[in-house]
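Novice: First the structure, then my questions, so here it is.
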Amino acid sequence: MKRILHILTHPAKPAVEQLIFDQQQSPDQEVLVLSLNEENPDYLVLLEKVFQSDSIQCW
């Protein structure tokens with residue numbers, strides 16, 4: 001199973017939201033979305049997920 005990580009550095013635009021939704025519908029992909037828009041993002045979790053992912057998109 002392919003693991004895809006989306007890192008949001010800004011609020012997601014509708015096209016990005018649709019892309020993520022479409023990827024989540026695929027049974028052969030695991031899609032994780034992490035937002036750095038929070039007041040105190042957890043960078044240790046981010047680093048862990050980066051190394052576990054096959055593909056990373058930063059928006």
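In the structure tokens, chains take the letters A, B, ... in the order shown, each chain's residues start at 1, and ligands count up from 1 in the order shown.
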Which residues are near A:Val33? Cut-off 7 Å, only C-alpha atoms, ignore same chain within fewer than 3 positions. Put them as a list in words.

Specialist: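 With the cut-off at 7 Å, the set is Leu5, His6 and Ile7 of chain A.
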
Novice: Just the strand (DSSP E or B) stuff from stretch 6-48 of chain A, please, per backbone DSSP, written as a PyMOL selection string.

Specialist: chain A and resi 6-8+29-35

Novice: Generate a file of the selected residues that holds C-alpha atoms, formatted as an mmCIF file, in the first residue's frame.

Specialist:
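Result went into out19.cif, see below:
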data_model
loop_
_atom_site.group_PDB
_atom_site.id
_atom_site.type_symbol
_atom_site.label_atom_id
_atom_site.label_comp_id
_atom_site.auth_asym_id
_atom_site.auth_seq_id
_atom_site.Cartn_x
_atom_site.Cartn_y
_atom_site.Cartn_z
ATOM 1 C CA HIS A 6 0.091 15.963 2.554
ATOM 2 C CA ILE A 7 1.631 18.751 4.624
ATOM 3 C CA LEU A 8 -0.517 21.863 4.777
ATOM 4 C CA GLN A 29 -3.416 4.247 -0.862
ATOM 5 C CA GLU A 30 -3.079 5.416 2.719
ATOM 6 C CA VAL A 31 -3.443 9.205 2.829
ATOM 7 C CA LEU A 32 -2.451 11.304 5.821
ATOM 8 C CA VAL A 33 -2.888 15.068 6.117
ATOM 9 C CA LEU A 34 -0.864 17.068 8.642
ATOM 10 C CA SER A 35 -1.457 20.764 9.149
#

Novice: Could you name the residues that touch stretch 15-19 of chain A at 12 Å or less, counting only C-alpha atoms, but leaving out those on the same chain fewer than 2 positions away, as a PDB file with C-alpha atoms, in the first residue's frame?

Specialist:
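The resulting file, result_3.pdb, is shown below:
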ATOM      1  CA  ILE A   4       0.931   9.602   0.824  1.00  0.00           C
ATOM      2  CA  HIS A   6       0.091  15.963   2.554  1.00  0.00           C
ATOM      3  CA  ILE A   7       1.631  18.751   4.624  1.00  0.00           C
ATOM      4  CA  LEU A   8      -0.517  21.863   4.777  1.00  0.00           C
ATOM      5  CA  HIS A  10      -1.551  27.265   4.440  1.00  0.00           C
ATOM      6  CA  PRO A  11      -5.300  26.669   4.432  1.00  0.00           C
ATOM      7  CA  ALA A  12      -6.033  24.193   1.650  1.00  0.00           C
ATOM      8  CA  LYS A  13      -7.488  25.507  -1.589  1.00  0.00           C
ATOM      9  CA  PHE A  21     -10.370  13.521  -1.177  1.00  0.00           C
ATOM     10  CA  ASP A  22      -9.861  11.658  -4.464  1.00  0.00           C
ATOM     11  CA  GLN A  23      -6.694  10.003  -3.166  1.00  0.00           C
ATOM     12  CA  GLN A  24      -8.458   8.971   0.046  1.00  0.00           C
ATOM     13  CA  GLN A  25     -11.057   7.109  -2.028  1.00  0.00           C
ATOM     14  CA  SER A  26      -8.446   4.773  -3.494  1.00  0.00           C
ATOM     15  CA  VAL A  31      -3.443   9.205   2.829  1.00  0.00           C
ATOM     16  CA  VAL A  33      -2.888  15.068   6.117  1.00  0.00           C
ATOM     17  CA  GLN A  57       3.237  16.873  -1.009  1.00  0.00           C
ATOM     18  CA  CYS A  58       3.612  20.212   0.701  1.00  0.00           C
ATOM     19  CA  TRP A  59       0.922  22.817   0.091  1.00  0.00           C
TER      20      TRP A  59
END

Novice: Kindly give the distance, in Å, that separates atom CA of A:Asp28 and atom CA of A:Lys2, rounded to a single decimal.

Specialist: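 One can read the atom CA of A:Asp28 to atom CA of A:Lys2 distance as 6.6 Å.
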
Novice: Would you return as a ChimeraX atom specification the members of chain A that DSSP assigns to helix (DSSP H, G or I) on this structure's backbone?

Specialist: /A:14-24,43-52

Novice: Generate the output file for the selected residues, N, CA and C atoms, as a compact mmCIF listing (two decimals), in the first residue's frame.

Specialist:
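Now in again_1.txt:
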# COMPACT_ATOMS: atom_id res chain seq x y z
N PRO A 14 -9.56 24.76 -2.63
CA PRO A 14 -10.53 23.73 -3.04
C PRO A 14 -9.93 22.65 -3.95
N ALA A 15 -9.04 23.01 -4.84
CA ALA A 15 -8.44 22.01 -5.73
C ALA A 15 -7.59 21.01 -4.94
N VAL A 16 -6.88 21.50 -3.93
CA VAL A 16 -6.07 20.62 -3.08
C VAL A 16 -6.97 19.71 -2.26
N GLU A 17 -8.02 20.28 -1.70
CA GLU A 17 -8.97 19.47 -0.93
C GLU A 17 -9.58 18.36 -1.79
N GLN A 18 -9.90 18.67 -3.05
CA GLN A 18 -10.47 17.67 -3.95
C GLN A 18 -9.45 16.58 -4.27
N LEU A 19 -8.20 16.97 -4.50
CA LEU A 19 -7.14 16.01 -4.78
C LEU A 19 -6.97 15.05 -3.61
N ILE A 20 -6.92 15.59 -2.40
CA ILE A 20 -6.77 14.76 -1.21
C ILE A 20 -7.96 13.82 -1.07
N PHE A 21 -9.16 14.34 -1.27
CA PHE A 21 -10.37 13.52 -1.18
C PHE A 21 -10.31 12.38 -2.19
N ASP A 22 -9.94 12.69 -3.42
CA ASP A 22 -9.86 11.66 -4.46
C ASP A 22 -8.84 10.58 -4.10
N GLN A 23 -7.70 10.98 -3.57
CA GLN A 23 -6.69 10.00 -3.17
C GLN A 23 -7.19 9.14 -2.01
N GLN A 24 -7.94 9.73 -1.10
CA GLN A 24 -8.46 8.97 0.05
C GLN A 24 -9.46 7.91 -0.39
N TYR A 43 6.24 18.74 15.43
CA TYR A 43 7.24 18.47 14.41
C TYR A 43 7.84 17.07 14.54
N LEU A 44 7.81 16.49 15.71
CA LEU A 44 8.31 15.12 15.86
C LEU A 44 7.40 14.14 15.13
N VAL A 45 6.10 14.35 15.24
CA VAL A 45 5.14 13.51 14.50
C VAL A 45 5.34 13.73 13.00
N LEU A 46 5.51 14.97 12.60
CA LEU A 46 5.74 15.28 11.19
C LEU A 46 6.97 14.53 10.67
N LEU A 47 8.05 14.60 11.38
CA LEU A 47 9.28 13.93 10.96
C LEU A 47 9.07 12.41 10.86
N GLU A 48 8.39 11.84 11.84
CA GLU A 48 8.10 10.41 11.82
C GLU A 48 7.28 10.03 10.58
N LYS A 49 6.27 10.82 10.28
CA LYS A 49 5.40 10.53 9.13
C LYS A 49 6.13 10.73 7.80
N VAL A 50 7.04 11.69 7.75
CA VAL A 50 7.83 11.91 6.53
C VAL A 50 8.62 10.65 6.20
N PHE A 51 9.27 10.06 7.19
CA PHE A 51 10.09 8.87 6.94
C PHE A 51 9.26 7.62 6.69
N GLN A 52 7.99 7.63 7.05
CA GLN A 52 7.11 6.49 6.81
C GLN A 52 6.40 6.58 5.46
